[in-house]
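Novice: This is the structure I want to talk about, given as C-alpha cells.
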Amino acid sequence: MATANPIPDNTLATDNTVAELLVLVTAMAPEHFNGVLANLASAFSPENFIVATQNELPADVPSSLRIVATPQSNAAWSIKPVDFVNAAQFGRKHGAQVILILGPEADSLSPLALRGLNDAVSKASIDLAVPHYSLPSNAGLINSAILYPLTRAIFASRVRFPLSIDLGMSLRMAEQLSLAAERVSAVNQGEVLVWPVNEAIAAGFAADEVDVGSRAMPQPSDPDINSILSLITGSLFADLEAKAALWQRPRRAPPIRRPIVEAELSDGTANVARMVAAFQLANANLQEIWSLVLPPNSLLGLKRCSTLDPAAFRMPDGLWARIVYDFLIAYRLRTINRGHLLGALIPLYLAWVAGHINVTASGIPAERHIEAVAASFEADKPYLVARWRWPDRFNS
Amino acid sequence: MQNLVDNTIQQATRNITASPLYSEDVSIWHHMSDALHQSLYRVLTLLIAVLPGILAFFLSLLVFALAGMLISWILRRCLTWAKFDLRVARKSGTDWAPASSPSEIAARASFWICVLLGLVIGVSAFDTSYATGVALPISLLPYLTHAVGAALLLIAGIVIARFLARSVLISAVNAQLQYARILSLGVKWLVLVLTGAMVLDHLQVGGNIVELAFGILFGGIVLTLALAVGLGLRDLVSRSLESHVEHTGERTHMPDEATTASQSIRHF
C-alpha cells in the first residue's frame with residue numbers, strides 16, 4: 001500500500017534515473033538506516049547507485065545520494081516476498097545491473113562486505129551472491145541443523161546461509177525471485193518465505209556465497225521456538241516438495257568444502273539439561289506420533305539417546321539426517337496433519353541443539369560439527385530419493 | 001361302590017361332550033395347519049409386494065453405478081485432455097499435495113455421487129413398496145437417514161477427538177507439561193463422550209437417561225481435569241502471583257531462566 005513519500009525532494013531520483021547498482025533497504029529502525037546509508041556512501045560512489053527504501057530519511061542525509069521511495073510494508077526479521085517484487089520492479093525501472101537487498105539491522109555489515117556482494121555479481125558473473133556470516137557457535141541453530149545441511153545435500157549448494165537476510169543479485173535473478181514471491185504470496189496467507197538459493201538452482205543460475213564477516217541477526221518478533229521452527233521448516237519442506245522433480249535428477253557434483261573457520265564460542269551449557277529434559281518428555285509421550293513418521297531403527301536410536309545424561313548427550317549425525325528426511329517424506333505424504341508433524345519435530349530439534357552444544361563444549365569447533373552433519377545428509381540422500389519415490393518401503 | 005364308578009364315568013362323558021374343540025385329534029392339526037397357511041400366505045403376500053421394491057433398489061444401484069463409471073471415465077478423459085492437473089498445480093503453487101491427482105479426485109467424486117444417487121433412489125423405491133405391502137404403513141427412509149446421520153456424527157466425532165488429542169499432546173509436550181498425556185486423553189474422552197451422547201440422541205435411543213448420564217459423565221471429566229490442572233499448576237500459579245506482587249511492589253526486573261536461555265541460544 002503506497003503512502004505519502006517520506007523522502008525530501010532534493011534526494012529524489014526521477015523515474016528515468018539510471019544506475020549500475022540498486023540497493024533496496026527493507027524496513028528498519030531509523031538508527032540502523034542511518035548506518036546503512038553511511039556504509040553505502042563509503043562503499044560506493046554516489047553516482048553509481050540508487051537507494052530504494054520505505055524508511056524515512058534522516059535530516060543530515062548527503063544530497064548526493066539518490067533515493068526512491070518504495071511502497072510501505074511492515075518491518076520483518078527476514079526478506080519478505082514484497083521486497084523481491086520491489087527489487088525487480090525498481091531494478092528494471094532504473095536499468096540496474098546489480099541489485100542489493102539489505103535486511104533489518106544491515107548497518108552491522110561493513111562497507112567491504114557490501115562491496116564484496118556487489119563485486120560477486122558484477123565482476124564474477126554470479127547471479128545470486130549470498131553472504132556468509134561469521135556468527136557465534138550458538139547462533140543460527142535452525143540454519144545449522146536443518147536449512148544448511150538439507151539445502152546442501154539436496155541442491156548441492158555450498159551456501160551456508162540459505163535463508164540469508166541480505167542478498168546481491170543480477171536483474172534476471174531479481175525477476176526470477178519476484179515471480180517466485182508472487183507465486184508463494186498468491187497461495188499462502190500470513191508470513192511466507194522465499195528460498196533464493198533454491199530458486200537460483202531451479203532456474204539454472206549461478207549462486208555462491210561471499211564472506212561478509214559478523215552481522216547482527218534480527219530475531220523474529222515471536223521468539224517462541226515452536227512458531228519459528230514450524231514456519232521456517234514448513235516453508236522449506238513445501239519448497240523442496242515443489243522442486244522434487246529437479247532434485248531427483250542424477251546427482252550434481254557435491255560442492256567444494258570450505259576451510260573451517262573457528263567461530264566465537266558462547267556458553268550455552270546451562271540450557272542443555274532443559275533441552276534434554278524436553279526431549280525425554282517427548283520421547284515418553286510422543287511415541288505414538290513419531291512411530292507414524294520414523295522407522296523402527298530411528299525410534300530405537302532415539303530411545304538410546306533418551307537414556308543419556310545431559311552432560312554426555314549426543315544426537316548421532318546419521319540419526320539426525322534420517323529423522324529430517326523422514327519428516328520431509330511424511331510432510332509430502334501428509335502422514336499426519338502438517339502442523340502436528342512440525343510440532344513433533346521440535347523436541348527432536350532441541351535434542352540436536354543439546355548435542356551440538358555438548359560437542360562444541362568438548363572442544364570440537366562448531367563449524368566442523370556442522371560440516372559433519374551436512375556430510376551425513378549428503379551420504380543419506382539416496383534414502384530420501386528412494387523413499388520419496390517408493391514411500392511404502394519404510395525400512396531400507 | 002358301583003354307584004360311585006357309574007357317576008364318574010357319566011361325568012367324564014359329559015365333560016368330553018361339553019368341549020367340542022378337543023373332540024377329535026384331526027381338528028387340532030387342522031387348526032394348526034390353517035394358522036400356518038394363513039401366516040405363510042401373509043408372508044408371501046408381503047414378499048410379493050416388497051419384491052419389486054428390492055429389485056428396484058438393486059436395479060437402481062446397478063444402473064447408477066454403471067452411469068457413474070461412464071461419467072467418471074468421460075470426465076477423466078476430458079480433464080486429461082484439458083491438462084486440468086497442470087492448471088491446478090500452476091494455480092495452487094506449492095500447496096497442492098494430496099495422494100491423487102486433481103482429475104483423479106474429480107473422476108472418483110463423480111462416480112461416488114452417482115452411486116449415492118442410485119442408493120437414495122433405490123431406498124426410496126423400496127420404501128414405497130414396503131409401505132404399501134404391509135397393513136400398517138411404516139416408512140423406512142427416516143430411520144435409515146437417522147442411522148446414516150448418526151454414523152456420520154460418530155465418524156466426525158472420532159476424527160475430531162483424535163485431532164484435538166494430538167494437538168493438545170504436542171502442544172503440552174512442547175510446553176514441557178509433565179501431565180501432557182493425561183490432558184490429551186481427557187480432551188479425547190471429552191469429545192468422544194459428547195459424540196456418543198449426540199449419536200444416541202440422534203438415534204432417539206435412551207431418552208432422558210442418555211442426557212442425564214452424559215451430563216454426569218461430562219461434568220465428571222471436566223471436574224477431574226480442573227482438579228488435575230489446578231493441583232498440577234498450584235506451584236506455578238503461586239510463583240506467578242509472587243512474581244506479580246514483586247514486580248508491582250518494587251518495579252524491578254529480574255531475568256528468569258527462560259530469558260537467559262533465549263539470550264544464550266539463538267535459534268535463528
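Residue names in the C-alpha cells use chain letters A, B, ... in the order shown, residue numbers from 1 in each chain, and ligand numbers from 1 in the order shown.
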Mind checking which residues fall within 10 Å of A:Ala59, counting only C-alpha atoms, ignoring those fewer than 2 positions away in the same chain, and posting them as an NGL selection string?

Specialist: :A and (8 or 34 or 56-57 or 61-62)

Novice: I need the chosen residues saved as a JSON list (two decimals), in the first residue's frame, with N, CA and C atoms.

Specialist:
[["chain", "number", "residue", "atom", "x", "y", "z"],
["A", 8, "PRO", "N", 12.76, 13.67, 1.13],
["A", 8, "PRO", "CA", 12.80, 15.06, 0.66],
["A", 8, "PRO", "C", 13.11, 15.14, -0.83],
["A", 34, "ASN", "N", 20.33, 4.92, 9.18],
["A", 34, "ASN", "CA", 21.43, 5.90, 9.09],
["A", 34, "ASN", "C", 22.76, 5.20, 8.86],
["A", 56, "GLU", "N", 12.11, 6.45, 6.51],
["A", 56, "GLU", "CA", 12.19, 7.92, 6.50],
["A", 56, "GLU", "C", 13.65, 8.34, 6.53],
["A", 57, "LEU", "N", 13.96, 9.36, 5.73],
["A", 57, "LEU", "CA", 15.36, 9.79, 5.66],
["A", 57, "LEU", "C", 15.73, 10.65, 6.86],
["A", 61, "VAL", "N", 21.07, 13.65, 5.69],
["A", 61, "VAL", "CA", 21.45, 12.75, 4.59],
["A", 61, "VAL", "C", 22.18, 13.55, 3.49],
["A", 62, "PRO", "N", 23.30, 13.02, 2.98],
["A", 62, "PRO", "CA", 24.02, 13.76, 1.93],
["A", 62, "PRO", "C", 23.15, 13.93, 0.69]]

Novice: Out of stretch 62-263 of chain A, which residues get strand (DSSP E) from DSSP, as a PyMOL selection string?

Specialist: chain A and resi 66-69+98-102+128-133+166-170+207-213

Novice: Do you know which residues are at most 10 Å from B:Leu51 counting only C-alpha atoms, after dropping those on the same chain fewer than 4 positions away, and could you put them as an MDAnalysis selection string?

Specialist: chainID B and resid 44:47 55:57 126 129:130 133

Novice: Could you jot down the atom CA of B:Ala125 to atom CA of B:Asp201 separation for me, Å, one decimal place?

Specialist: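 Atom-to-atom, atom CA of B:Ala125 to atom CA of B:Asp201, that is 27.9 Å.
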
Novice: Residues of chain A no more than 6 Å from chain B, counting only C-alpha atoms: send them over as a VMD selection string.

Specialist: chain A and resid 138 to 142 187 242 268 278 282

Novice: Those selected residues, please, written with C-alpha atoms and delivered as a tab-separated table (two decimals), in the first residue's frame.

Specialist:
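Output (part-v4.tsv):
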chain	number	residue	atom	x	y	z
A	138	ASN	CA	25.25	-20.93	19.43
A	139	ALA	CA	23.53	-18.65	16.92
A	140	GLY	CA	21.59	-19.52	13.78
A	141	LEU	CA	20.95	-23.05	15.01
A	142	ILE	CA	17.91	-23.83	12.84
A	187	VAL	CA	-1.24	-19.35	-2.45
A	242	ALA	CA	7.53	-28.22	-5.23
A	268	GLY	CA	25.08	-22.40	26.35
A	278	ALA	CA	12.17	-31.68	26.91
A	282	ALA	CA	8.62	-36.05	24.30

Novice: Give the answer as one residue: which of B:Ile121, B:Ala49, B:Asp85, B:Ser110 has the shortest atom-to-atom distance to B:Trp73, using only C-alpha atoms?

Specialist: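 Distance minimum relative to B:Trp73 lands on B:Ser110.
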
Novice: Could you pull the residues within 8 Å of A:Glu20, counting only C-alpha atoms, minus those fewer than 5 positions along the same chain, as a ChimeraX atom specification?

Specialist: /A:48-49,95-98
